[in-house]
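Okay, so here's the structure we're looking at.
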Amino acid sequence: MYGIVNKAIEDLVLANFGEDCWERVKSRSGVDVDYFISNEPYDDDLTYALARAIAEETNTTLSNVLISFGEWWVVNTTKVKYGGLMEAGGRDLREFLINLPQFHNRVMLIYPKLTPPEFKVSQITENSLQLHYFSKREGLQDFVRGLIQGLGIIYKKAVVITLLQARDHGSTHEIFNISW
């Protein structure tokens, strides 16, 4: 993952738990990077190690860390650093989610070495849709759940997210039913 992801994880920990906690997380994870460079790729294992260390250090589940990070990513990282890109995604939650399959095409212009997930939408109604999530990376369905919750925050919509199918239950990809 790119350094901007790891920097956002650092920012989340610093904002919620402080510098001492961040130093303990780095030590526990074995990460010896002093500063993450936003546009440089880092091994995914480093990001996973940070997430696991945060869960251990804050006495919560990895699932909760990933959900919180997904929300943080949308509300505090993407919205702040790439506001124009986010605004181009749609004028409301429904439109943004419908346009999500094309979103990473624009992101790849900024981060050409990105290995993005793929999204498809189906069962679109006025107040719900199904979001299909395909990724080479495993274990990030809770991060996606947090991203969706973050989009709900940005668009001021209470979202209900139901996981209909998951790879860890033998499916080829995750399907989330999202209603608002």
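The way I read the labels, and the way they are meant: chains A, B, ... in the order of the structure tokens, residue 1 as the first residue of every chain, and ligand 1 as the first ligand shown, with later ones counted on from there.
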Give me, as a PyMOL selection string, the residues of chain A that a backbone DSSP run labels helix (DSSP H, G or I).
chain A and resi 3-17+19-29+44-57+62-81+83-89+93-110+141-154+167-169
Which range 49-147 of chain A residues have any atom within 12 Å of an atom of range 153-166 of chain A, and for each, what is the nearest pair of atoms with distance in Å to one decimal, counting only C-alpha atoms, rows sorted by chain and number, as JSON lines?
{"residue": "A:Ile67", "atom": "CA", "partner": "A:Ile161", "partner_atom": "CA", "distance": 12.0}
{"residue": "A:Gly70", "atom": "CA", "partner": "A:Ile153", "partner_atom": "CA", "distance": 11.6}
{"residue": "A:Glu71", "atom": "CA", "partner": "A:Ile153", "partner_atom": "CA", "distance": 8.3}
{"residue": "A:Trp72", "atom": "CA", "partner": "A:Ile153", "partner_atom": "CA", "distance": 10.4}
{"residue": "A:Trp73", "atom": "CA", "partner": "A:Ile154", "partner_atom": "CA", "distance": 11.5}
{"residue": "A:Val74", "atom": "CA", "partner": "A:Ile154", "partner_atom": "CA", "distance": 8.0}
{"residue": "A:Val75", "atom": "CA", "partner": "A:Ile154", "partner_atom": "CA", "distance": 6.6}
{"residue": "A:Asn76", "atom": "CA", "partner": "A:Ile154", "partner_atom": "CA", "distance": 10.1}
{"residue": "A:Thr78", "atom": "CA", "partner": "A:Ile154", "partner_atom": "CA", "distance": 10.8}
{"residue": "A:Lys79", "atom": "CA", "partner": "A:Ile154", "partner_atom": "CA", "distance": 8.3}
{"residue": "A:Val80", "atom": "CA", "partner": "A:Ile154", "partner_atom": "CA", "distance": 11.3}
{"residue": "A:Gly83", "atom": "CA", "partner": "A:Ile154", "partner_atom": "CA", "distance": 11.0}
{"residue": "A:Met86", "atom": "CA", "partner": "A:Ile154", "partner_atom": "CA", "distance": 10.0}
{"residue": "A:Glu87", "atom": "CA", "partner": "A:Ile154", "partner_atom": "CA", "distance": 10.4}
{"residue": "A:Gly89", "atom": "CA", "partner": "A:Tyr155", "partner_atom": "CA", "distance": 11.7}
{"residue": "A:Gly90", "atom": "CA", "partner": "A:Tyr155", "partner_atom": "CA", "distance": 9.8}
{"residue": "A:Arg91", "atom": "CA", "partner": "A:Tyr155", "partner_atom": "CA", "distance": 8.4}
{"residue": "A:Asp92", "atom": "CA", "partner": "A:Tyr155", "partner_atom": "CA", "distance": 6.0}
{"residue": "A:Leu93", "atom": "CA", "partner": "A:Tyr155", "partner_atom": "CA", "distance": 5.7}
{"residue": "A:Arg94", "atom": "CA", "partner": "A:Tyr155", "partner_atom": "CA", "distance": 9.4}
{"residue": "A:Glu95", "atom": "CA", "partner": "A:Tyr155", "partner_atom": "CA", "distance": 10.6}
{"residue": "A:Phe96", "atom": "CA", "partner": "A:Tyr155", "partner_atom": "CA", "distance": 9.5}
{"residue": "A:Leu97", "atom": "CA", "partner": "A:Tyr155", "partner_atom": "CA", "distance": 11.2}
{"residue": "A:Asn127", "atom": "CA", "partner": "A:Val159", "partner_atom": "CA", "distance": 9.8}
{"residue": "A:Ser128", "atom": "CA", "partner": "A:Val160", "partner_atom": "CA", "distance": 9.2}
{"residue": "A:Leu129", "atom": "CA", "partner": "A:Ile161", "partner_atom": "CA", "distance": 10.1}
{"residue": "A:Gln130", "atom": "CA", "partner": "A:Leu164", "partner_atom": "CA", "distance": 8.9}
{"residue": "A:Leu131", "atom": "CA", "partner": "A:Leu163", "partner_atom": "CA", "distance": 9.6}
{"residue": "A:His132", "atom": "CA", "partner": "A:Gln165", "partner_atom": "CA", "distance": 9.2}
{"residue": "A:Tyr133", "atom": "CA", "partner": "A:Ala166", "partner_atom": "CA", "distance": 9.3}
{"residue": "A:Phe134", "atom": "CA", "partner": "A:Ala166", "partner_atom": "CA", "distance": 10.2}
{"residue": "A:Ser135", "atom": "CA", "partner": "A:Ala166", "partner_atom": "CA", "distance": 11.6}
{"residue": "A:Glu138", "atom": "CA", "partner": "A:Ala166", "partner_atom": "CA", "distance": 10.4}
{"residue": "A:Gly139", "atom": "CA", "partner": "A:Ala166", "partner_atom": "CA", "distance": 10.0}
{"residue": "A:Leu140", "atom": "CA", "partner": "A:Ala166", "partner_atom": "CA", "distance": 10.8}
{"residue": "A:Gln141", "atom": "CA", "partner": "A:Ala166", "partner_atom": "CA", "distance": 8.2}
{"residue": "A:Asp142", "atom": "CA", "partner": "A:Leu163", "partner_atom": "CA", "distance": 9.8}
{"residue": "A:Val144", "atom": "CA", "partner": "A:Ile161", "partner_atom": "CA", "distance": 10.4}
{"residue": "A:Arg145", "atom": "CA", "partner": "A:Ile161", "partner_atom": "CA", "distance": 7.2}
{"residue": "A:Gly146", "atom": "CA", "partner": "A:Ile161", "partner_atom": "CA", "distance": 9.8}
{"residue": "A:Leu147", "atom": "CA", "partner": "A:Ile153", "partner_atom": "CA", "distance": 9.8}
Taking the backbone alone, and naming residues the way the document does, which bits of range 8-163 of chain A are strand (DSSP E) by DSSP, as a VMD selection string?
chain A and resid 118 to 122 128 to 134 160 to 163
Would you output that residue set with all heavy atoms, as a short mmCIF file (atom, residue, chain, number, x, y, z; two decimals), in the first residue's frame?
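The new file again_5.cif reads:
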data_model
loop_
_atom_site.label_atom_id
_atom_site.label_comp_id
_atom_site.auth_asym_id
_atom_site.auth_seq_id
_atom_site.Cartn_x
_atom_site.Cartn_y
_atom_site.Cartn_z
N GLU A 118 -11.73 -3.77 -6.94
CA GLU A 118 -12.74 -3.54 -7.97
C GLU A 118 -14.10 -3.56 -7.28
O GLU A 118 -14.34 -4.37 -6.39
CB GLU A 118 -12.66 -4.64 -9.03
CG GLU A 118 -13.65 -4.47 -10.14
CD GLU A 118 -13.56 -5.61 -11.16
OE1 GLU A 118 -12.55 -6.32 -11.20
OE2 GLU A 118 -14.53 -5.77 -11.92
N PHE A 119 -14.96 -2.66 -7.69
CA PHE A 119 -16.31 -2.61 -7.15
C PHE A 119 -17.31 -2.71 -8.29
O PHE A 119 -17.07 -2.20 -9.39
CB PHE A 119 -16.56 -1.28 -6.41
CG PHE A 119 -15.75 -1.13 -5.16
CD1 PHE A 119 -14.57 -0.41 -5.15
CD2 PHE A 119 -16.19 -1.69 -3.97
CE1 PHE A 119 -13.83 -0.26 -3.99
CE2 PHE A 119 -15.45 -1.55 -2.80
CZ PHE A 119 -14.27 -0.83 -2.82
N LYS A 120 -18.42 -3.35 -8.01
CA LYS A 120 -19.56 -3.39 -8.93
C LYS A 120 -20.80 -3.14 -8.08
O LYS A 120 -20.80 -3.46 -6.89
CB LYS A 120 -19.67 -4.74 -9.63
CG LYS A 120 -18.54 -5.01 -10.60
CD LYS A 120 -18.73 -6.32 -11.32
CE LYS A 120 -17.54 -6.51 -12.27
NZ LYS A 120 -17.59 -7.77 -12.98
N VAL A 121 -21.81 -2.56 -8.69
CA VAL A 121 -23.06 -2.33 -7.98
C VAL A 121 -24.18 -3.07 -8.68
O VAL A 121 -24.16 -3.25 -9.90
CB VAL A 121 -23.39 -0.83 -7.84
CG1 VAL A 121 -22.41 -0.14 -6.92
CG2 VAL A 121 -23.41 -0.13 -9.19
N SER A 122 -25.13 -3.52 -7.88
CA SER A 122 -26.30 -4.20 -8.43
C SER A 122 -27.49 -3.91 -7.52
O SER A 122 -27.34 -3.29 -6.46
CB SER A 122 -26.06 -5.72 -8.52
OG SER A 122 -25.89 -6.28 -7.23
N SER A 128 -31.22 2.00 -1.57
CA SER A 128 -30.31 0.90 -1.28
C SER A 128 -29.63 0.41 -2.55
O SER A 128 -30.05 0.75 -3.67
CB SER A 128 -31.05 -0.27 -0.62
OG SER A 128 -31.92 -0.90 -1.56
N LEU A 129 -28.60 -0.37 -2.36
CA LEU A 129 -27.93 -1.07 -3.45
C LEU A 129 -27.06 -2.16 -2.87
O LEU A 129 -26.83 -2.22 -1.67
CB LEU A 129 -27.11 -0.12 -4.34
CG LEU A 129 -26.01 0.76 -3.74
CD1 LEU A 129 -24.76 -0.04 -3.38
CD2 LEU A 129 -25.62 1.83 -4.73
N GLN A 130 -26.60 -3.03 -3.75
CA GLN A 130 -25.64 -4.04 -3.34
C GLN A 130 -24.29 -3.66 -3.94
O GLN A 130 -24.20 -3.37 -5.12
CB GLN A 130 -26.07 -5.44 -3.78
CG GLN A 130 -27.27 -5.93 -3.00
CD GLN A 130 -27.67 -7.34 -3.34
OE1 GLN A 130 -27.04 -8.01 -4.15
NE2 GLN A 130 -28.74 -7.80 -2.71
N LEU A 131 -23.28 -3.67 -3.08
CA LEU A 131 -21.92 -3.34 -3.48
C LEU A 131 -21.09 -4.61 -3.48
O LEU A 131 -20.98 -5.28 -2.45
CB LEU A 131 -21.32 -2.30 -2.53
CG LEU A 131 -19.92 -1.81 -2.86
CD1 LEU A 131 -19.92 -0.99 -4.15
CD2 LEU A 131 -19.35 -1.01 -1.71
N HIS A 132 -20.54 -4.95 -4.63
CA HIS A 132 -19.68 -6.13 -4.78
C HIS A 132 -18.23 -5.66 -4.69
O HIS A 132 -17.83 -4.74 -5.42
CB HIS A 132 -19.91 -6.79 -6.15
CG HIS A 132 -21.31 -7.25 -6.34
ND1 HIS A 132 -21.65 -8.58 -6.35
CD2 HIS A 132 -22.48 -6.56 -6.54
CE1 HIS A 132 -22.95 -8.70 -6.55
NE2 HIS A 132 -23.48 -7.49 -6.67
N TYR A 133 -17.46 -6.28 -3.81
CA TYR A 133 -16.08 -5.89 -3.54
C TYR A 133 -15.15 -7.04 -3.91
O TYR A 133 -15.25 -8.13 -3.35
CB TYR A 133 -15.95 -5.52 -2.07
CG TYR A 133 -14.54 -5.42 -1.54
CD1 TYR A 133 -13.67 -4.43 -2.00
CD2 TYR A 133 -14.08 -6.29 -0.57
CE1 TYR A 133 -12.38 -4.33 -1.49
CE2 TYR A 133 -12.80 -6.20 -0.05
CZ TYR A 133 -11.95 -5.22 -0.53
OH TYR A 133 -10.68 -5.12 -0.04
N PHE A 134 -14.26 -6.77 -4.86
CA PHE A 134 -13.27 -7.75 -5.32
C PHE A 134 -11.89 -7.17 -5.01
O PHE A 134 -11.62 -6.01 -5.33
CB PHE A 134 -13.36 -7.96 -6.83
CG PHE A 134 -14.69 -8.40 -7.33
CD1 PHE A 134 -15.69 -7.48 -7.60
CD2 PHE A 134 -14.95 -9.75 -7.55
CE1 PHE A 134 -16.94 -7.89 -8.08
CE2 PHE A 134 -16.18 -10.17 -8.02
CZ PHE A 134 -17.18 -9.23 -8.29
N VAL A 160 -27.07 1.52 6.75
CA VAL A 160 -27.17 0.18 7.33
C VAL A 160 -26.45 -0.73 6.35
O VAL A 160 -26.78 -0.76 5.16
CB VAL A 160 -28.64 -0.25 7.51
CG1 VAL A 160 -28.70 -1.69 8.02
CG2 VAL A 160 -29.37 0.69 8.45
N ILE A 161 -25.46 -1.44 6.86
CA ILE A 161 -24.61 -2.28 6.01
C ILE A 161 -24.77 -3.73 6.46
O ILE A 161 -24.55 -4.05 7.63
CB ILE A 161 -23.13 -1.86 6.12
CG1 ILE A 161 -22.97 -0.38 5.81
CG2 ILE A 161 -22.26 -2.72 5.22
CD1 ILE A 161 -21.67 0.22 6.30
N THR A 162 -25.16 -4.58 5.52
CA THR A 162 -25.30 -6.00 5.81
C THR A 162 -24.39 -6.77 4.86
O THR A 162 -24.47 -6.59 3.64
CB THR A 162 -26.76 -6.45 5.60
OG1 THR A 162 -27.62 -5.62 6.37
CG2 THR A 162 -26.95 -7.91 6.00
N LEU A 163 -23.52 -7.59 5.42
CA LEU A 163 -22.65 -8.43 4.62
C LEU A 163 -23.46 -9.64 4.16
O LEU A 163 -23.92 -10.44 4.98
CB LEU A 163 -21.42 -8.86 5.42
CG LEU A 163 -20.39 -9.71 4.69
CD1 LEU A 163 -19.77 -8.95 3.52
CD2 LEU A 163 -19.32 -10.16 5.66
#
Check which residues of range 34-60 of chain A sit at most 9 Å from range 3-12 of chain A using only C-alpha atoms, and return one row each with the closest pair of atoms and their distance in Å to one decimal, ordered by chain and rising number, as a Markdown table.
| residue | atom | partner | partner_atom | distance |
| --- | --- | --- | --- | --- |
| A:Tyr35 | CA | A:Lys7 | CA | 7.8 |
| A:Phe36 | CA | A:Gly3 | CA | 5.1 |
| A:Ile37 | CA | A:Gly3 | CA | 5.1 |
| A:Ser38 | CA | A:Ile4 | CA | 4.0 |
| A:Asn39 | CA | A:Gly3 | CA | 6.0 |
| A:Glu40 | CA | A:Gly3 | CA | 5.5 |
| A:Pro41 | CA | A:Gly3 | CA | 5.9 |
| A:Tyr42 | CA | A:Gly3 | CA | 6.3 |
| A:Leu46 | CA | A:Asn6 | CA | 8.4 |
| A:Thr47 | CA | A:Asn6 | CA | 6.2 |
| A:Leu50 | CA | A:Ile9 | CA | 7.9 |
| A:Ala51 | CA | A:Ile9 | CA | 8.0 |
Against range 19-22 of chain A, which residues of range 51-124 of chain A fall within 12 Å? For each one I want the closest pair of atoms and the distance in Å (one decimal), counting only C-alpha atoms, rows by chain and increasing residue number, as CSV.
residue,atom,partner,partner_atom,distance
A:Ala51,CA,A:Trp22,CA,11.4
A:Ala53,CA,A:Trp22,CA,9.7
A:Ile54,CA,A:Trp22,CA,8.3
A:Ala55,CA,A:Cys21,CA,11.4
A:Glu56,CA,A:Cys21,CA,11.0
A:Glu57,CA,A:Cys21,CA,7.4
A:Thr58,CA,A:Cys21,CA,8.4
A:Asn59,CA,A:Cys21,CA,11.9
Distance CA of Ser68 in chain A-CA of Val25 in chain A, one decimal place?
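Between these atoms lies a distance of 16.0 Å.
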